[in-house]
Structures are given as C-alpha cells and as structure tokens.
file model19.json (JSON, C-alpha atoms)
[["chain", "number", "residue", "atom", "x", "y", "z"],
["W", 1344, "MET", "CA", 82.78, -53.58, 2.19],
["W", 1345, "ALA", "CA", 85.98, -52.59, 0.41],
["W", 1346, "GLY", "CA", 86.46, -49.52, -1.73],
["W", 1347, "LYS", "CA", 88.01, -46.11, -1.63],
["W", 1348, "PHE", "CA", 87.05, -42.84, 0.03],
["W", 1349, "CYS", "CA", 88.56, -39.39, -0.38],
["W", 1350, "VAL", "CA", 88.22, -36.37, 1.89],
["W", 1351, "SER", "CA", 89.38, -33.05, 0.47],
["W", 1352, "ILE", "CA", 90.38, -30.44, 3.08],
["W", 1353, "THR", "CA", 91.08, -26.87, 2.00],
["W", 1354, "HIS", "CA", 91.33, -25.21, 5.41],
["W", 1355, "ALA", "CA", 93.72, -25.09, 8.34],
["W", 1356, "LYS", "CA", 93.73, -22.39, 11.06],
["W", 1357, "ASP", "CA", 91.52, -20.22, 8.86],
["W", 1358, "ASN", "CA", 88.70, -22.67, 9.63],
["W", 1359, "THR", "CA", 89.65, -25.17, 12.31],
["W", 1360, "ASP", "CA", 86.10, -26.53, 12.41],
["W", 1361, "LYS", "CA", 86.29, -27.70, 8.80],
["W", 1362, "ALA", "CA", 89.85, -28.99, 9.17],
["W", 1363, "THR", "CA", 88.81, -31.03, 12.20],
["W", 1364, "VAL", "CA", 85.58, -32.42, 10.79],
["W", 1365, "GLY", "CA", 87.42, -33.41, 7.62],
["W", 1366, "PHE", "CA", 89.70, -35.68, 9.61],
["W", 1367, "VAL", "CA", 86.82, -36.99, 11.69],
["W", 1368, "VAL", "CA", 85.11, -38.14, 8.50],
["W", 1369, "ALA", "CA", 88.38, -39.50, 7.14],
["W", 1370, "ASN", "CA", 88.75, -41.59, 10.29],
["W", 1371, "ALA", "CA", 85.20, -42.84, 9.81],
["W", 1372, "ALA", "CA", 86.20, -43.97, 6.33],
["W", 1373, "ALA", "CA", 89.37, -45.66, 7.56],
["W", 1374, "GLY", "CA", 87.44, -47.26, 10.39],
["W", 1375, "SER", "CA", 84.95, -48.60, 7.87],
["W", 1376, "GLY", "CA", 87.67, -50.46, 6.03],
["W", 1377, "LYS", "CA", 87.94, -48.05, 3.13],
["W", 1378, "GLU", "CA", 91.20, -47.24, 1.40],
["W", 1379, "SER", "CA", 91.15, -43.69, 2.72],
["W", 1380, "LEU", "CA", 92.77, -40.58, 1.34],
["W", 1381, "VAL", "CA", 92.88, -37.04, 2.67],
["W", 1382, "PHE", "CA", 93.76, -34.52, -0.01],
["W", 1383, "LEU", "CA", 95.13, -31.30, 1.47],
["W", 1384, "SER", "CA", 95.08, -28.27, -0.79],
["W", 1385, "VAL", "CA", 94.94, -24.47, -0.59],
["W", 1386, "GLU", "CA", 95.32, -23.46, 3.12],
["W", 1387, "GLY", "CA", 94.84, -27.09, 4.13],
["W", 1388, "VAL", "CA", 98.42, -27.93, 3.16],
["W", 1389, "ARG", "CA", 99.60, -26.27, 6.38],
["W", 1390, "LEU", "CA", 98.18, -29.23, 8.29],
["W", 1391, "ALA", "CA", 100.89, -31.41, 6.74],
["W", 1392, "GLN", "CA", 103.61, -29.64, 8.70],
["W", 1393, "LYS", "CA", 104.63, -31.40, 11.90],
["W", 1394, "GLY", "CA", 103.53, -29.42, 14.93],
["W", 1395, "TYR", "CA", 101.16, -27.09, 13.06],
["W", 1396, "ALA", "CA", 97.99, -28.80, 14.33],
["W", 1397, "GLN", "CA", 99.31, -29.04, 17.89],
["W", 1398, "ASP", "CA", 97.06, -26.29, 19.25],
["W", 1399, "ILE", "CA", 93.91, -27.01, 17.24],
["W", 1400, "HIS", "CA", 91.19, -28.48, 19.41],
["W", 1401, "GLU", "CA", 87.59, -27.89, 18.45],
["W", 1402, "GLU", "CA", 85.00, -28.19, 21.20],
["W", 1403, "GLY", "CA", 83.22, -31.52, 20.99],
["W", 1404, "PHE", "CA", 86.00, -33.20, 19.01],
["W", 1405, "ALA", "CA", 89.32, -34.86, 19.74],
["W", 1406, "PRO", "CA", 92.38, -32.66, 19.22],
["W", 1407, "LEU", "CA", 93.24, -32.43, 15.52],
["W", 1408, "ARG", "CA", 96.75, -33.73, 16.11],
["W", 1409, "GLU", "CA", 95.26, -36.87, 17.63],
["W", 1410, "LEU", "CA", 92.78, -37.29, 14.77],
["W", 1411, "MET", "CA", 95.60, -37.02, 12.24],
["W", 1412, "GLU", "CA", 97.80, -39.48, 14.11],
["W", 1413, "ASN", "CA", 94.95, -41.97, 14.33],
["W", 1414, "PHE", "CA", 94.30, -41.61, 10.62],
["W", 1415, "ALA", "CA", 97.92, -42.41, 9.80],
["W", 1416, "LYS", "CA", 97.97, -45.34, 12.23],
["W", 1417, "ALA", "CA", 94.88, -46.75, 10.52],
["W", 1418, "GLY", "CA", 96.77, -46.77, 7.24],
["W", 1419, "GLY", "CA", 95.26, -43.59, 5.84],
["W", 1420, "THR", "CA", 97.13, -41.67, 3.18],
["W", 1421, "ILE", "CA", 97.53, -37.90, 3.01],
["W", 1422, "TYR", "CA", 98.24, -36.25, -0.33],
["W", 1423, "VAL", "CA", 99.57, -32.71, -0.14],
["W", 1424, "CYS", "CA", 99.03, -30.45, -3.15],
["W", 1425, "SER", "CA", 102.45, -29.63, -4.50],
["W", 1426, "PRO", "CA", 101.84, -26.13, -5.93],
["W", 1427, "CYS", "CA", 99.82, -25.09, -2.86],
["W", 1428, "PHE", "CA", 102.66, -26.28, -0.63],
["W", 1429, "LYS", "CA", 105.31, -24.58, -2.72],
["W", 1430, "LYS", "CA", 103.38, -21.31, -2.83],
["W", 1431, "ARG", "CA", 103.39, -21.16, 0.96],
["W", 1432, "LYS", "CA", 107.11, -21.97, 1.16],
["W", 1433, "LEU", "CA", 106.56, -24.86, 3.58],
["W", 1434, "ASP", "CA", 109.15, -27.51, 4.49],
["W", 1435, "GLU", "CA", 108.87, -30.77, 2.55],
["W", 1436, "ASN", "CA", 111.27, -32.42, 5.02],
["W", 1437, "ASN", "CA", 108.89, -31.81, 7.93],
["W", 1438, "LEU", "CA", 105.75, -33.72, 6.96],
["W", 1439, "VAL", "CA", 103.39, -35.51, 9.33],
["W", 1440, "ALA", "CA", 103.06, -39.30, 9.23],
["W", 1441, "GLY", "CA", 101.28, -40.63, 6.17],
["W", 1442, "ALA", "CA", 101.76, -37.46, 4.12],
["W", 1443, "SER", "CA", 103.41, -37.09, 0.74],
["W", 1444, "ILE", "CA", 103.61, -34.22, -1.72],
["W", 1445, "VAL", "CA", 101.84, -34.94, -4.99],
["W", 1446, "GLY", "CA", 100.51, -33.20, -8.04],
["W", 1447, "GLY", "CA", 97.07, -33.53, -9.54],
["W", 1448, "ALA", "CA", 97.79, -36.76, -11.42],
["W", 1449, "LYS", "CA", 97.96, -38.79, -8.19],
["W", 1450, "LEU", "CA", 94.59, -37.45, -7.06],
["W", 1451, "VAL", "CA", 93.06, -38.07, -10.47],
["W", 1452, "GLU", "CA", 94.35, -41.66, -10.43],
["W", 1453, "PHE", "CA", 92.88, -42.28, -6.96],
["W", 1454, "LEU", "CA", 89.48, -40.91, -7.95],
["W", 1455, "SER", "CA", 89.38, -42.36, -11.45],
["W", 1456, "ASP", "CA", 87.68, -45.62, -10.61],
["W", 1457, "GLY", "CA", 84.69, -43.93, -9.05],
["W", 1458, "SER", "CA", 85.90, -43.12, -5.54],
["W", 1459, "PRO", "CA", 83.56, -40.78, -3.69],
["W", 1460, "CYS", "CA", 85.03, -37.53, -2.42],
["W", 1461, "VAL", "CA", 83.68, -35.16, 0.20],
["W", 1462, "SER", "CA", 85.12, -31.67, 0.55],
["W", 1463, "TYR", "CA", 85.64, -29.44, 3.59],
["J", 330, "MET", "CA", 120.73, -46.25, -21.96],
["J", 331, "ALA", "CA", 117.64, -45.98, -24.15],
["J", 332, "ASP", "CA", 117.73, -43.70, -27.18],
["J", 333, "VAL", "CA", 116.13, -40.37, -26.42],
["J", 334, "ALA", "CA", 114.11, -38.78, -29.23],
["J", 335, "ALA", "CA", 113.31, -35.55, -27.40],
["J", 336, "GLN", "CA", 114.12, -33.75, -24.19],
["J", 337, "TRP", "CA", 112.09, -31.35, -22.13],
["J", 338, "ASP", "CA", 113.30, -29.44, -19.11],
["J", 339, "ALA", "CA", 110.07, -28.60, -17.29],
["J", 340, "GLY", "CA", 111.91, -26.80, -14.51],
["J", 341, "GLU", "CA", 109.67, -26.10, -11.52],
["J", 342, "LEU", "CA", 106.46, -26.76, -13.44],
["J", 343, "GLY", "CA", 104.17, -29.17, -11.60],
["J", 344, "CYS", "CA", 100.70, -30.60, -11.11],
["J", 345, "GLY", "CA", 98.21, -30.04, -13.94],
["J", 346, "GLU", "CA", 100.45, -27.69, -15.89],
["J", 347, "LEU", "CA", 103.20, -30.30, -16.02],
["J", 348, "VAL", "CA", 101.10, -33.26, -17.16],
["J", 349, "LEU", "CA", 99.08, -31.27, -19.70],
["J", 350, "GLU", "CA", 102.23, -30.04, -21.43],
["J", 351, "LEU", "CA", 103.70, -33.54, -21.09],
["J", 352, "ARG", "CA", 100.70, -34.90, -22.95],
["J", 353, "TYR", "CA", 101.34, -32.53, -25.87],
["J", 354, "ARG", "CA", 105.06, -33.30, -25.91],
["J", 355, "LEU", "CA", 104.55, -37.06, -26.04],
["J", 356, "SER", "CA", 101.83, -36.83, -28.67],
["J", 357, "ALA", "CA", 104.37, -35.09, -30.91],
["J", 358, "LEU", "CA", 106.59, -38.19, -30.82],
["J", 359, "ARG", "CA", 106.15, -41.40, -32.79],
["J", 360, "PRO", "CA", 104.99, -44.53, -30.94],
["J", 361, "GLY", "CA", 107.90, -46.16, -29.14],
["J", 362, "GLU", "CA", 110.02, -43.03, -29.05],
["J", 363, "ILE", "CA", 111.34, -41.80, -25.72],
["J", 364, "LEU", "CA", 111.10, -38.39, -24.11],
["J", 365, "GLN", "CA", 113.59, -37.37, -21.46],
["J", 366, "LEU", "CA", 111.79, -35.20, -18.93],
["J", 367, "ILE", "CA", 113.43, -33.13, -16.24],
["J", 368, "ALA", "CA", 110.87, -32.14, -13.59],
["J", 369, "LEU", "CA", 112.03, -30.51, -10.37],
["J", 370, "ASP", "CA", 108.61, -30.29, -8.73],
["J", 371, "ALA", "CA", 108.38, -32.14, -5.42],
["J", 372, "GLY", "CA", 105.18, -33.82, -6.61],
["J", 373, "ALA", "CA", 106.77, -35.27, -9.74],
["J", 374, "PRO", "CA", 108.08, -38.52, -8.17],
["J", 375, "ALA", "CA", 104.50, -39.45, -7.31],
["J", 376, "ASP", "CA", 102.78, -37.82, -10.26],
["J", 377, "ILE", "CA", 104.79, -39.00, -13.25],
["J", 378, "PRO", "CA", 104.36, -42.74, -12.51],
["J", 379, "ALA", "CA", 100.63, -42.19, -11.82],
["J", 380, "TRP", "CA", 100.22, -40.26, -15.05],
["J", 381, "CYS", "CA", 101.98, -42.99, -17.03],
["J", 382, "ARG", "CA", 99.77, -45.68, -15.47],
["J", 383, "MET", "CA", 96.66, -43.72, -16.43],
["J", 384, "THR", "CA", 97.69, -42.77, -19.94],
["J", 385, "GLY", "CA", 99.39, -46.03, -20.95],
["J", 386, "HIS", "CA", 102.80, -44.52, -21.69],
["J", 387, "THR", "CA", 105.76, -46.46, -20.32],
["J", 388, "LEU", "CA", 107.95, -45.02, -17.60],
["J", 389, "VAL", "CA", 111.28, -46.48, -18.64],
["J", 390, "THR", "CA", 113.43, -45.10, -15.84],
["J", 391, "THR", "CA", 113.01, -42.74, -12.93],
["J", 392, "GLN", "CA", 115.81, -40.95, -11.20],
["J", 393, "HIS", "CA", 114.25, -37.74, -9.93],
["J", 394, "PRO", "CA", 114.36, -35.19, -11.46],
["J", 395, "VAL", "CA", 115.04, -37.17, -14.66],
["J", 396, "TYR", "CA", 112.36, -39.38, -16.18],
["J", 397, "LEU", "CA", 112.44, -41.39, -19.42],
["J", 398, "ILE", "CA", 108.97, -41.92, -20.86],
["J", 399, "GLN", "CA", 108.23, -44.04, -23.91],
["J", 400, "ARG", "CA", 105.27, -43.06, -26.01],
["J", 401, "LYS", "CA", 102.59, -45.76, -26.24],
["J", 402, "GLU", "CA", 101.41, -47.36, -29.46],
["J", 403, "ASP", "CA", 98.48, -45.65, -31.20]]
call {"tool": "encode", "arguments": {"input": "model19.json", "output": "structure tokens"}}
result
Amino acid sequence: MAGKFCVSITHAKDNTDKATVGFVVANAAAGSGKESLVFLSVEGVRLAQKGYAQDIHEEGFAPLRELMENFAKAGGTIYVCSPCFKKRKLDENNLVAGASIVGGAKLVEFLSDGSPCVSY
Amino acid sequence: MADVAAQWDAGELGCGELVLELRYRLSALRPGEILQLIALDAGAPADIPAWCRMTGHTLVTTQHPVYLIQRKED
C-alpha cells in the first residue's frame, strides 16, 4: 500500500518521550512502505543537529539517535522548520542525515494531496 | 536574461510570511510578467519551488537567494 505519512514533532529534550515516540511511529510508516516525512518544529528542531540526540534514550525504546539513523536509512525525509531553527540560532551546516531546512510551503505541498499527519 | 517587471527584496523573511507576501506581489503583476525575488531565508531553496508548483506560477530561474518567478495566466 503506497501513500504518504507525516509525523510532526515539536519536542526535543523538553519531552524526550514525545520526541522518541514520534520517530518510532515515523519508522513504522517507513517500514510500511509509506513515503514518510518527519516535520520538526518549535523545540523539535534541535533534534536536527548532529549529536544532539546522542544522550536521549527512553526506557523501553531504542536510543533516539538509532531511531533517527534508521529512519534516514529507510529513505525517510526530515523537514526542519526554518523560522524555528533560525530563532534558536542553530547550525544549518550540522544537520543529521535526511534533514533539510524548509519553510511552510514544503510542508503544505507534502500534505496537500491528503497525507495523514500525527503530531507529538 | 528574462525581462523583470518588478523586484522584491524579502530579506530574511521566510516560511508563511514570505509566501503570503509573494502571493500579493505576483497578483499585482500582469500574466506572464516576471518578479525578481531575493530571499535569504535558509528554507527558500526548498520553499519557493514548492510554492510555484502548488500555485501554478513558473519558476524561471533559481540561484539562491535570487529567484525569477513568472506570473501564471488568469
């Protein structure tokens, strides 16, 4: 079954449970053959920095770094909210695999043909 | 180089603010006319092509931060 699936993640170390579960669900989408997108916004944009997720490991789940690497290896795409990223003065030359900085138009385009989106 | 009917330096503006203003700026042109946009936002290289695909305007050239956009026919 083809199709698209979007997971919106708005948390990082302020809620590692949500950040982790977001990527778990994203991997479920990628593993189900969906064209899978993680949209990082608000605090979630910090996850796009290499090394940031290194020490996030929720009990009962794989380490977040591993979940993110697996998502990228499965062909998943990560959109990083440009104004959220800029506001936090993060480094656009230090992004994790699969991540790119975008504005709202890219997200709107992805969702415009009826893609479901779940938010964490 | 294509004739440019209007120019807009959007500076650091990005995301929804950029494309909403862009919509107004292009609607002020006649069909076929070209707007030269300067957009410094890091999201612009991904956003401007996506916005043009969705709205039907033609992205004539892209050389970030400079974009030439041709207004679509009515």
call {"tool": "atom_distance", "arguments": {"input": "model19.json", "atom1": "CA of Asp332 (chain J)", "atom2": "CA of Leu388 (chain J)"}}
result
13.8 Å
call {"tool": "interface_residues", "arguments": {"input": "model19.json", "of": "chain J", "to": "chain W", "cutoff": "12 Å", "atoms": "all atoms listed in the file", "output": "PyMOL selection string"}}
result
chain J and resi 341-349+351+368-384
call {"tool": "atom_distance", "arguments": {"input": "model19.json", "atom1": "CA of Ala1396 (chain W)", "atom2": "CA of Arg1408 (chain W)"}}
result
5.4 Å
call {"tool": "closest_residue", "arguments": {"input": "model19.json", "among": "J:Ala339, J:Val333, J:Gln392, J:Lys401", "to": "Ile363 (chain J)", "atoms": "only C-alpha atoms"}}
result
J:Val333
call {"tool": "residues_around", "arguments": {"input": "model19.json", "residues": "Val1368 (chain W)", "least_positions_apart": "6", "cutoff": "12 Å", "atoms": "only C-alpha atoms", "output": "MDAnalysis selection string"}}
result
chainID W and resid 1348:1352 1361:1362 1374:1375 1377 1379:1381 1404 1410:1411 1414 1419 1460:1463
call {"tool": "closest_residue", "arguments": {"input": "model19.json", "among": "W:Gly1387, W:Gly1346, W:Gly1394, W:Gly1376", "to": "Gly1418 (chain W)", "atoms": "all atoms listed in the file"}}
result
W:Gly1376
call {"tool": "residues_around", "arguments": {"input": "model19.json", "residues": "Leu1433 (chain W)", "least_positions_apart": "3", "cutoff": "9 Å", "atoms": "all atoms listed in the file", "output": "list in words"}}
result
Val1388, Arg1389, Gln1392, Phe1428, Lys1429, Lys1430 and Asn1437 of chain W
call {"tool": "closest_residue", "arguments": {"input": "model19.json", "among": "W:His1354, W:Glu1378, W:Val1367, W:Glu1412", "to": "Ser1458 (chain W)", "atoms": "only C-alpha atoms"}}
result
W:Glu1378
call {"tool": "residues_near_point", "arguments": {"input": "model19.json", "point": "(112.6, -34.8, -21.3)", "cutoff": "7 Å", "atoms": "all atoms listed in the file", "output": "ChimeraX atom specification"}}
result
/J:335-338,364-367,396-397
call {"tool": "atom_distance", "arguments": {"input": "model19.json", "atom1": "CA of Gly1403 (chain W)", "atom2": "CA of Thr1359 (chain W)"}}
result
12.5 Å
call {"tool": "closest_residue", "arguments": {"input": "model19.json", "among": "W:Phe1382, W:Pro1459, W:Asp1434, W:Asn1370", "to": "Tyr1395 (chain W)", "atoms": "only C-alpha atoms"}}
result
W:Asp1434
call {"tool": "closest_residue", "arguments": {"input": "model19.json", "among": "W:Glu1386, W:Asn1413, W:Asp1456, W:His1400", "to": "Arg1431 (chain W)", "atoms": "all atoms listed in the file"}}
result
W:Glu1386
call {"tool": "decode", "arguments": {"input": "model19.json", "residues": "region 368-384 of chain J", "atoms": "N, CA and C atoms", "output": "JSON list (two decimals), in the first residue's frame"}}
result
[["chain", "number", "residue", "atom", "x", "y", "z"],
["J", 368, "ALA", "N", 15.45, 36.27, -1.57],
["J", 368, "ALA", "CA", 15.01, 35.67, -0.31],
["J", 368, "ALA", "C", 16.19, 34.98, 0.35],
["J", 369, "LEU", "N", 16.62, 35.51, 1.47],
["J", 369, "LEU", "CA", 17.81, 34.98, 2.14],
["J", 369, "LEU", "C", 17.52, 33.79, 3.05],
["J", 370, "ASP", "N", 16.26, 33.56, 3.36],
["J", 370, "ASP", "CA", 15.90, 32.52, 4.32],
["J", 370, "ASP", "C", 16.44, 31.15, 3.87],
["J", 371, "ALA", "N", 16.93, 30.39, 4.83],
["J", 371, "ALA", "CA", 17.52, 29.08, 4.50],
["J", 371, "ALA", "C", 16.48, 28.10, 3.96],
["J", 372, "GLY", "N", 15.21, 28.36, 4.23],
["J", 372, "GLY", "CA", 14.16, 27.48, 3.71],
["J", 372, "GLY", "C", 13.73, 27.81, 2.30],
["J", 373, "ALA", "N", 14.15, 28.96, 1.80],
["J", 373, "ALA", "CA", 13.68, 29.42, 0.48],
["J", 373, "ALA", "C", 14.04, 28.47, -0.67],
["J", 374, "PRO", "N", 15.23, 27.89, -0.71],
["J", 374, "PRO", "CA", 15.55, 27.00, -1.84],
["J", 374, "PRO", "C", 14.59, 25.81, -1.96],
["J", 375, "ALA", "N", 14.03, 25.38, -0.85],
["J", 375, "ALA", "CA", 13.04, 24.30, -0.90],
["J", 375, "ALA", "C", 11.63, 24.85, -1.08],
["J", 376, "ASP", "N", 11.38, 25.98, -0.44],
["J", 376, "ASP", "CA", 10.01, 26.51, -0.40],
["J", 376, "ASP", "C", 9.55, 27.17, -1.70],
["J", 377, "ILE", "N", 10.40, 27.95, -2.31],
["J", 377, "ILE", "CA", 9.97, 28.70, -3.50],
["J", 377, "ILE", "C", 9.57, 27.75, -4.65],
["J", 378, "PRO", "N", 10.37, 26.73, -4.96],
["J", 378, "PRO", "CA", 9.92, 25.78, -5.99],
["J", 378, "PRO", "C", 8.61, 25.08, -5.62],
["J", 379, "ALA", "N", 8.48, 24.70, -4.34],
["J", 379, "ALA", "CA", 7.24, 24.02, -3.91],
["J", 379, "ALA", "C", 6.04, 24.95, -4.05],
["J", 380, "TRP", "N", 6.23, 26.19, -3.67],
["J", 380, "TRP", "CA", 5.14, 27.17, -3.77],
["J", 380, "TRP", "C", 4.74, 27.39, -5.22],
["J", 381, "CYS", "N", 5.72, 27.47, -6.10],
["J", 381, "CYS", "CA", 5.41, 27.65, -7.53],
["J", 381, "CYS", "C", 4.67, 26.42, -8.09],
["J", 382, "ARG", "N", 5.09, 25.24, -7.69],
["J", 382, "ARG", "CA", 4.38, 24.03, -8.16],
["J", 382, "ARG", "C", 2.92, 24.06, -7.71],
["J", 383, "MET", "N", 2.69, 24.50, -6.48],
["J", 383, "MET", "CA", 1.32, 24.49, -5.94],
["J", 383, "MET", "C", 0.46, 25.58, -6.55],
["J", 384, "THR", "N", 1.05, 26.73, -6.81],
["J", 384, "THR", "CA", 0.24, 27.87, -7.24],
["J", 384, "THR", "C", 0.14, 27.99, -8.75]]
